[in-house]
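Peer 1: Please read through the structure below; I'll follow up with questions.
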Protein chains: 6
Amino acid sequence: MKGKKANESFTMMTEIVLPNDTNTFGNLMGGRLMYWMDIAAAIAAQKHSNAPVVTASVDNISFENSIKLGNVVHIEAKVTRSFNTSMEVHLRVWGEDIIQKYKYKSNEAYYTFVALDPNSRPRSVEPLIPETKEETNLYEGALRRRQLRLILGGKMKPDDALELKALFFKD
Amino acid sequence: MKGKKANESFTMMTEIVLPNDTNTFGNLMGGRLMYWMDIAAAIAAQKHSNAPVVTASVDNISFENSIKLGNVVHIEAKVTRSFNTSMEVHLRVWGEDIIQKYKYKSNEAYYTFVALDPNSRPRSVEPLIPETKEETNLYEGALRRRQLRLILGGKMKPDDALELKALFFKD
Amino acid sequence: MKGKKANESFTMMTEIVLPNDTNTFGNLMGGRLMYWMDIAAAIAAQKHSNAPVVTASVDNISFENSIKLGNVVHIEAKVTRSFNTSMEVHLRVWGEDIIQKYKYKSNEAYYTFVALDPNSRPRSVEPLIPETKEETNLYEGALRRRQLRLILGGKMKPDDALELKALFFKD
Amino acid sequence: MKGKKANESFTMMTEIVLPNDTNTFGNLMGGRLMYWMDIAAAIAAQKHSNAPVVTASVDNISFENSIKLGNVVHIEAKVTRSFNTSMEVHLRVWGEDIIQKYKYKSNEAYYTFVALDPNSRPRSVEPLIPETKEETNLYEGALRRRQLRLILGGKMKPDDALELKALFFKD
Amino acid sequence: MKGKKANESFTMMTEIVLPNDTNTFGNLMGGRLMYWMDIAAAIAAQKHSNAPVVTASVDNISFENSIKLGNVVHIEAKVTRSFNTSMEVHLRVWGEDIIQKYKYKSNEAYYTFVALDPNSRPRSVEPLIPETKEETNLYEGALRRRQLRLILGGKMKPDDALELKALFFKD
Amino acid sequence: MKGKKANESFTMMTEIVLPNDTNTFGNLMGGRLMYWMDIAAAIAAQKHSNAPVVTASVDNISFENSIKLGNVVHIEAKVTRSFNTSMEVHLRVWGEDIIQKYKYKSNEAYYTFVALDPNSRPRSVEPLIPETKEETNLYEGALRRRQLRLILGGKMKPDDALELKALFFKD
């Protein structure tokens with residue numbers, strides 16, 4: 001397993017907000033957006049692993065700006081790091097009102113996927129090779145986020161989360 | 001504002017996994033489930049606030065078991081606490097294979113919503129009154145989760161998150 | 001076959017009326033509601049029979065009040081009685097404008113389902129045990145409704161429908 | 001109001017059963033079919049009234065044969081009679097496996113619609129003029145079915161339903 | 001292979017334009033209409049071939065009038081001619097505002113389908129027998145349109161398209 | 001009106017083929033693909049015109065390879081040239097089986113859109129500036145394709161289509 005570059009998993013998705021995607025204010029519903037993000041992130045994870053994948057977890061997502069009916073939704077996904085059988089995918093989402101030439105950030109998020117073999121059992125995936133400065137930062141942060149995920153999922157004790165500890169209480 | 005009981009926001013949703021909700025393994029896609037959870041949680045938040053609401057954030061979700069094609073999805077949502085204009089909603093999700101009498105946990109999650117006035121501006125919501133032991137635990141934990149959300153969203157410094165600190169380093 | 005309590009089949013479904021569910025007046029289309037009712041009732045029938053089920057018939061439905069765009073749809077379903085291989089399910093449907101705290105009845109209905117074995121042939125289901133006063137009334141009425149169904153379907157002669165006769169022309 | 005011929009409302013709809021329309025046996029779900037029937041019948045009622053319409057009621061429907069995945073669904077709708085502000089629509093539904101040249105009846109049904117004026121209030125519709133023998137039979141039967149609907153809806157006493165009585169006890 | 005009459009493949013489809021089918025002007029999106037046309041045309045091609053079919057190509061389509069939200073879409077499809085394993089289907093599409101008694105042409109189009117055997121390989125289809133004057137014109141034109149398709153697809157040289165040449169430059 | 005570069009309209013869309021998008025062979029239906037292409041192309045045309053757009057016409061499309069259930073659909077769209085109030089958009093579509101590392105061409109197509117002002121009337125759009133060799137070829141070919149469209153739509157006489165004539169009979 002020689003590894004695969006971060007950029008090889010890059011996935012770009014573009015959608016338009018249609019009436020049924022909106023709440024009564026004419027804004028894209030959060031759940032509908034998370035559905036699209038799940039598909040974009042799953043494609044990125046498949047590109048890295050060349051295997052079918054299932055969503056294992058989704059990290060905290062904050063929705064910063066509502067995306068309006070008729071606006072365009074831009075979703076970019078890229079694998080940040082792999083851990084044995086799982087991969088973390090970083091997503092960036094923007095809305096765009098093309099008529100008014102106004103593009104705005106909706107949110108950033110991390111989804112984690114597990115690669116499966118034909119019997120639906122987890123299978124190992126290649127290491128990820130970060131190249132750019134940003135990819136390296138995302139690669140390093142992936143360890144901390146994974147610790148937080150394990151603590152929040154009750155699978156790790158806070159005291160064992162050394163990287164996370166260092167982040168939260170720098171002294 | 002005299003407050004409203006947790007139980008008044010209780011919402012139960014039931015769905016069946018149809019072919020288009022599944023990936024190539026015949027399992028419910030994570031994104032489709034998050035879409036349903038968003039609707040169930042939004043209804044709970046509306047019940048508490050009697051106002052239209054928008055999804056502000058979603059906490060870390062871990063998917064424990066896949067829900068199969070044809071199985072039933074049970075979603076229960078209840079507001080845990082309100083903060084000025086926002087409400088945290090707790091969700092529990094199970095899958096059920098009724099034919100085989102097998103019910104299994106899928107995940108637990110927290111969604112946060114903001115109540116809006118007719119001009120789409122945040123409006124204050126009533127305090128939540130927990131009654132049962134479990135509601136009280138959820139109510140108290142809401143503060144810690146909110147601090148974690150603010151830190152993860154870059155809106156609070158880790159050192160100011162006293163309740164969260166106490167959780168991570170109990171000594 | 002010792003029987004199963006009515007309450008064990010109880011199913012509660014909650015939906016929001018989205019734009020594509022509505023006609024040009026912004027009201028939920030009757031056909032869309034019957035689709036949701038079919039799924040809720042099928043789940044109730046599955047709970048009673050622990051077998052896959054298919055819709056056999058739907059009784060007369062009167063829509064009393066239109067449910068509006070953005071309103072919540074509440075559907076409750078419970079098996080009233082079983083007949084060899086079929087089950088009658090009683091449904092109650094309400095609309096709710098949560099913002100205006102206004103809940104209103106949409107309709108009541110009866111759907112009938114047949115339980116199937118793995119070869120798609122009808123299979124016997126357990127008797128239903130009514131417990132409350134209301135469940136007993138529904139249980140008893142099920143016989144009359146079944147006669148009406150058989151007559152309307154051309155499978156029974158009106159003169160043989162003793163219970164129905166007694167209901168219609170009490171003398 | 002000089003009346004309008006039955007045939008002017010004739011509507012033919014054709015659909016294919018797609019994966020998401022089916023249950024786990026690969027058969028069209030009853031609720032999905034009722035959704036399509038509602039749209040076909042609403043178009044027929046609009047053709048007769050040249051007004052927007054809403055579904056008022058649906059009569060007893062028996063599903064005779066399951067329609068399979070990939071098969072074609074044929075729905076024919078025609079107004080049978082009008083009553084002040086409402087219209088009864090008769091529907092016939094067939095399934096067809098074109099590859100195997102096999103066409104089979106699914107069901108027959110009656111939907112009732114109310115015509116609305118621009119303020120959403122019931123408005124009067126023209127009388128229906130039956131021409132063929134079959135249209136005349138449907139026209140005459142419409143009165144009995146309406147009485148049954150009113151009795152089942154609790155809006156008429158059985159003893160006042162003269163036409164229906166004559167049907168049940170022919171002597 | 002004795003042939004089959006054009007009329008035997010005739011297919012009529014009726015749809016209503018719902019909110020999610022429209023762009024921000026409330027007009028039916030071209031892509032949604034082409035989706036419905038594809039299904040109607042595929043049914044016509046199946047009727048002629050009694051075999052499963054796949055879309056091979058779609059000829060130039062010009063959209064003449066927008067179809068409005070809530071209006072009815074009428075689609076008529078009929079096979080014009082068969083070529084070994086493929087069939088050309090002619091489609092006519094109208095919109096109709098029933099309330100205002102206004103019916104208008106949307107477009108005319110030609111879709112081509114290939115019939116498949118159970119191994120997904122092209123299989124031969126019966127010759128088409130045109131009967132009316134219009135069917136004969138469509139039958140004859142099918143040869144020219146096929147040449148244009150082959151040229152545009154890079155599978156025929158312009159100089160070999162004798163019928164097409166005669167059409168374009170009559171001298 | 002100083003013009004806008006071809007590349008500024010570039011749009012990339014990524015979708016996964018879900019069960020309901022497929023025919024009984026498990027292949028993406030042509031109509032569903034044309035629906036996605038219409039949305040991708042409309043976004044490209046909006047990017048060039050910064051105005052709402054409606055689909056005016058679609059050129060001949062040949063589907064070369066079927067895209068399978070679960071495969072990824074890649075759609076790329078870019079404006080090739082503008083004509084007063086309309087724009088031609090070039091689309092390229094591939095399918096990809098990521099697991100088997102197999103990417104294959106589905107089709108190439110041209111959609112034409114008209115830009116609208118707030119009263120739904122055609123409004124002028126900026127000229128397109130091609131930069132690369134390929135963009136220049138597409139720009140030049142746009143004139144021929146436009147002539148063919150006008151002839152096929154009955155709006156131009158074949159003898160007036162000088163560029164097209166030159167293509168068909170190069171001598």
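In the structure tokens, each chain is lettered A, B, ... as it comes, each chain's residues begin at 1, and ligands are numbered from 1 in order of appearance.
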Please, which residues of chain E lie no more than 9 Å from chain C when the count uses only C-alpha atoms, and can they be set out as an MDAnalysis selection string?
Peer 2: chainID E and resid 18:21 69:70
Peer 1: To one decimal in Å, tell me the separation between atom CA of Leu164 of chain C and atom CA of Leu33 of chain C.
Peer 2: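 Going from atom CA of Leu164 of chain C over to atom CA of Leu33 of chain C, I get 28.7 Å.
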Peer 1: Need to verify the contact set: Gly3 of chain C, 6 Å, only C-alpha atoms, exclusion of same-chain residues closer than 3 positions in sequence. Can you return it as a VMD selection string?
Peer 2: chain C and resid 126 to 128
Peer 1: Excluding Lys78 of chain B and any residue of its chain fewer than 3 positions from it, enumerate the residues within 10 Å of it, using only C-alpha atoms, and give them as a ChimeraX atom specification.
Peer 2: /B:6-12,40-45,47-48,81,88-92,110,135
Peer 1: Just write the chosen residues, N, CA, C and O atoms, as an mmCIF file, in the first residue's frame.
Peer 2:
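Heads up, here's the output in result-v5.cif:
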data_model
loop_
_atom_site.group_PDB
_atom_site.id
_atom_site.type_symbol
_atom_site.label_atom_id
_atom_site.label_comp_id
_atom_site.auth_asym_id
_atom_site.auth_seq_id
_atom_site.Cartn_x
_atom_site.Cartn_y
_atom_site.Cartn_z
ATOM 1 N N ALA B 6 -40.731 19.844 28.488
ATOM 2 C CA ALA B 6 -39.993 19.114 27.449
ATOM 3 C C ALA B 6 -40.930 18.221 26.643
ATOM 4 O O ALA B 6 -40.872 18.164 25.416
ATOM 5 N N ASN B 7 -41.825 17.565 27.364
ATOM 6 C CA ASN B 7 -42.664 16.563 26.712
ATOM 7 C C ASN B 7 -43.610 17.152 25.671
ATOM 8 O O ASN B 7 -44.063 16.459 24.761
ATOM 9 N N GLU B 8 -43.901 18.447 25.791
ATOM 10 C CA GLU B 8 -44.820 19.064 24.819
ATOM 11 C C GLU B 8 -44.230 19.116 23.411
ATOM 12 O O GLU B 8 -44.948 19.314 22.441
ATOM 13 N N SER B 9 -42.933 18.973 23.323
ATOM 14 C CA SER B 9 -42.308 19.034 21.992
ATOM 15 C C SER B 9 -42.083 17.645 21.397
ATOM 16 O O SER B 9 -41.570 17.514 20.280
ATOM 17 N N PHE B 10 -42.450 16.613 22.134
ATOM 18 C CA PHE B 10 -42.158 15.250 21.684
ATOM 19 C C PHE B 10 -42.768 14.965 20.299
ATOM 20 O O PHE B 10 -43.945 15.232 20.055
ATOM 21 N N THR B 11 -41.954 14.429 19.402
ATOM 22 C CA THR B 11 -42.384 14.139 18.030
ATOM 23 C C THR B 11 -41.928 12.744 17.642
ATOM 24 O O THR B 11 -40.774 12.379 17.871
ATOM 25 N N MET B 12 -42.841 11.959 17.064
ATOM 26 C CA MET B 12 -42.485 10.617 16.639
ATOM 27 C C MET B 12 -42.738 10.495 15.132
ATOM 28 O O MET B 12 -43.824 10.822 14.657
ATOM 29 N N ALA B 40 -38.021 15.815 11.509
ATOM 30 C CA ALA B 40 -38.581 15.459 12.820
ATOM 31 C C ALA B 40 -38.141 16.465 13.883
ATOM 32 O O ALA B 40 -38.947 16.918 14.710
ATOM 33 N N ALA B 41 -36.852 16.831 13.853
ATOM 34 C CA ALA B 41 -36.333 17.757 14.865
ATOM 35 C C ALA B 41 -36.927 19.150 14.679
ATOM 36 O O ALA B 41 -37.215 19.851 15.656
ATOM 37 N N ALA B 42 -37.120 19.569 13.433
ATOM 38 C CA ALA B 42 -37.706 20.883 13.169
ATOM 39 C C ALA B 42 -39.131 20.946 13.701
ATOM 40 O O ALA B 42 -39.568 21.969 14.240
ATOM 41 N N ILE B 43 -39.871 19.852 13.579
ATOM 42 C CA ILE B 43 -41.242 19.837 14.109
ATOM 43 C C ILE B 43 -41.205 19.966 15.630
ATOM 44 O O ILE B 43 -41.977 20.731 16.217
ATOM 45 N N ALA B 44 -40.284 19.257 16.288
ATOM 46 C CA ALA B 44 -40.166 19.362 17.751
ATOM 47 C C ALA B 44 -39.843 20.803 18.155
ATOM 48 O O ALA B 44 -40.437 21.348 19.100
ATOM 49 N N ALA B 45 -38.909 21.429 17.429
ATOM 50 C CA ALA B 45 -38.524 22.805 17.759
ATOM 51 C C ALA B 45 -39.671 23.778 17.509
ATOM 52 O O ALA B 45 -39.863 24.750 18.253
ATOM 53 N N LYS B 47 -42.818 22.973 17.808
ATOM 54 C CA LYS B 47 -43.791 22.746 18.888
ATOM 55 C C LYS B 47 -43.397 23.533 20.137
ATOM 56 O O LYS B 47 -44.255 24.036 20.852
ATOM 57 N N HIS B 48 -42.107 23.625 20.397
ATOM 58 C CA HIS B 48 -41.675 24.359 21.588
ATOM 59 C C HIS B 48 -41.828 25.867 21.385
ATOM 60 O O HIS B 48 -42.251 26.590 22.300
ATOM 61 N N ARG B 81 -33.371 21.869 25.685
ATOM 62 C CA ARG B 81 -33.134 23.145 26.362
ATOM 63 C C ARG B 81 -33.246 24.276 25.348
ATOM 64 O O ARG B 81 -32.990 24.058 24.159
ATOM 65 N N GLU B 88 -32.024 23.253 21.446
ATOM 66 C CA GLU B 88 -31.348 22.006 21.124
ATOM 67 C C GLU B 88 -32.387 20.887 21.140
ATOM 68 O O GLU B 88 -33.192 20.809 22.064
ATOM 69 N N VAL B 89 -32.363 20.045 20.092
ATOM 70 C CA VAL B 89 -33.300 18.918 20.005
ATOM 71 C C VAL B 89 -32.518 17.615 20.062
ATOM 72 O O VAL B 89 -31.515 17.451 19.360
ATOM 73 N N HIS B 90 -32.978 16.703 20.905
ATOM 74 C CA HIS B 90 -32.347 15.379 21.009
ATOM 75 C C HIS B 90 -33.139 14.390 20.170
ATOM 76 O O HIS B 90 -34.360 14.361 20.211
ATOM 77 N N LEU B 91 -32.414 13.588 19.378
ATOM 78 C CA LEU B 91 -33.057 12.601 18.497
ATOM 79 C C LEU B 91 -32.551 11.208 18.817
ATOM 80 O O LEU B 91 -31.355 11.014 19.070
ATOM 81 N N ARG B 92 -33.449 10.240 18.756
ATOM 82 C CA ARG B 92 -33.077 8.829 18.848
ATOM 83 C C ARG B 92 -33.611 8.148 17.600
ATOM 84 O O ARG B 92 -34.780 8.356 17.240
ATOM 85 N N TYR B 110 -28.012 15.390 18.170
ATOM 86 C CA TYR B 110 -28.497 16.693 18.628
ATOM 87 C C TYR B 110 -28.489 17.664 17.456
ATOM 88 O O TYR B 110 -27.447 17.883 16.828
ATOM 89 N N GLU B 135 -34.823 13.849 31.170
ATOM 90 C CA GLU B 135 -34.934 15.204 30.621
ATOM 91 C C GLU B 135 -33.997 16.165 31.355
ATOM 92 O O GLU B 135 -33.434 17.076 30.755
#
Peer 1: If we count only C-alpha atoms, what is near Ala56 of chain A at a cut-off of 8 Å, once residues fewer than 4 positions away on the same chain are taken out, given as a VMD selection string?
Peer 2: (chain A and resid 111 to 114) or (chain B and resid 62 to 64)
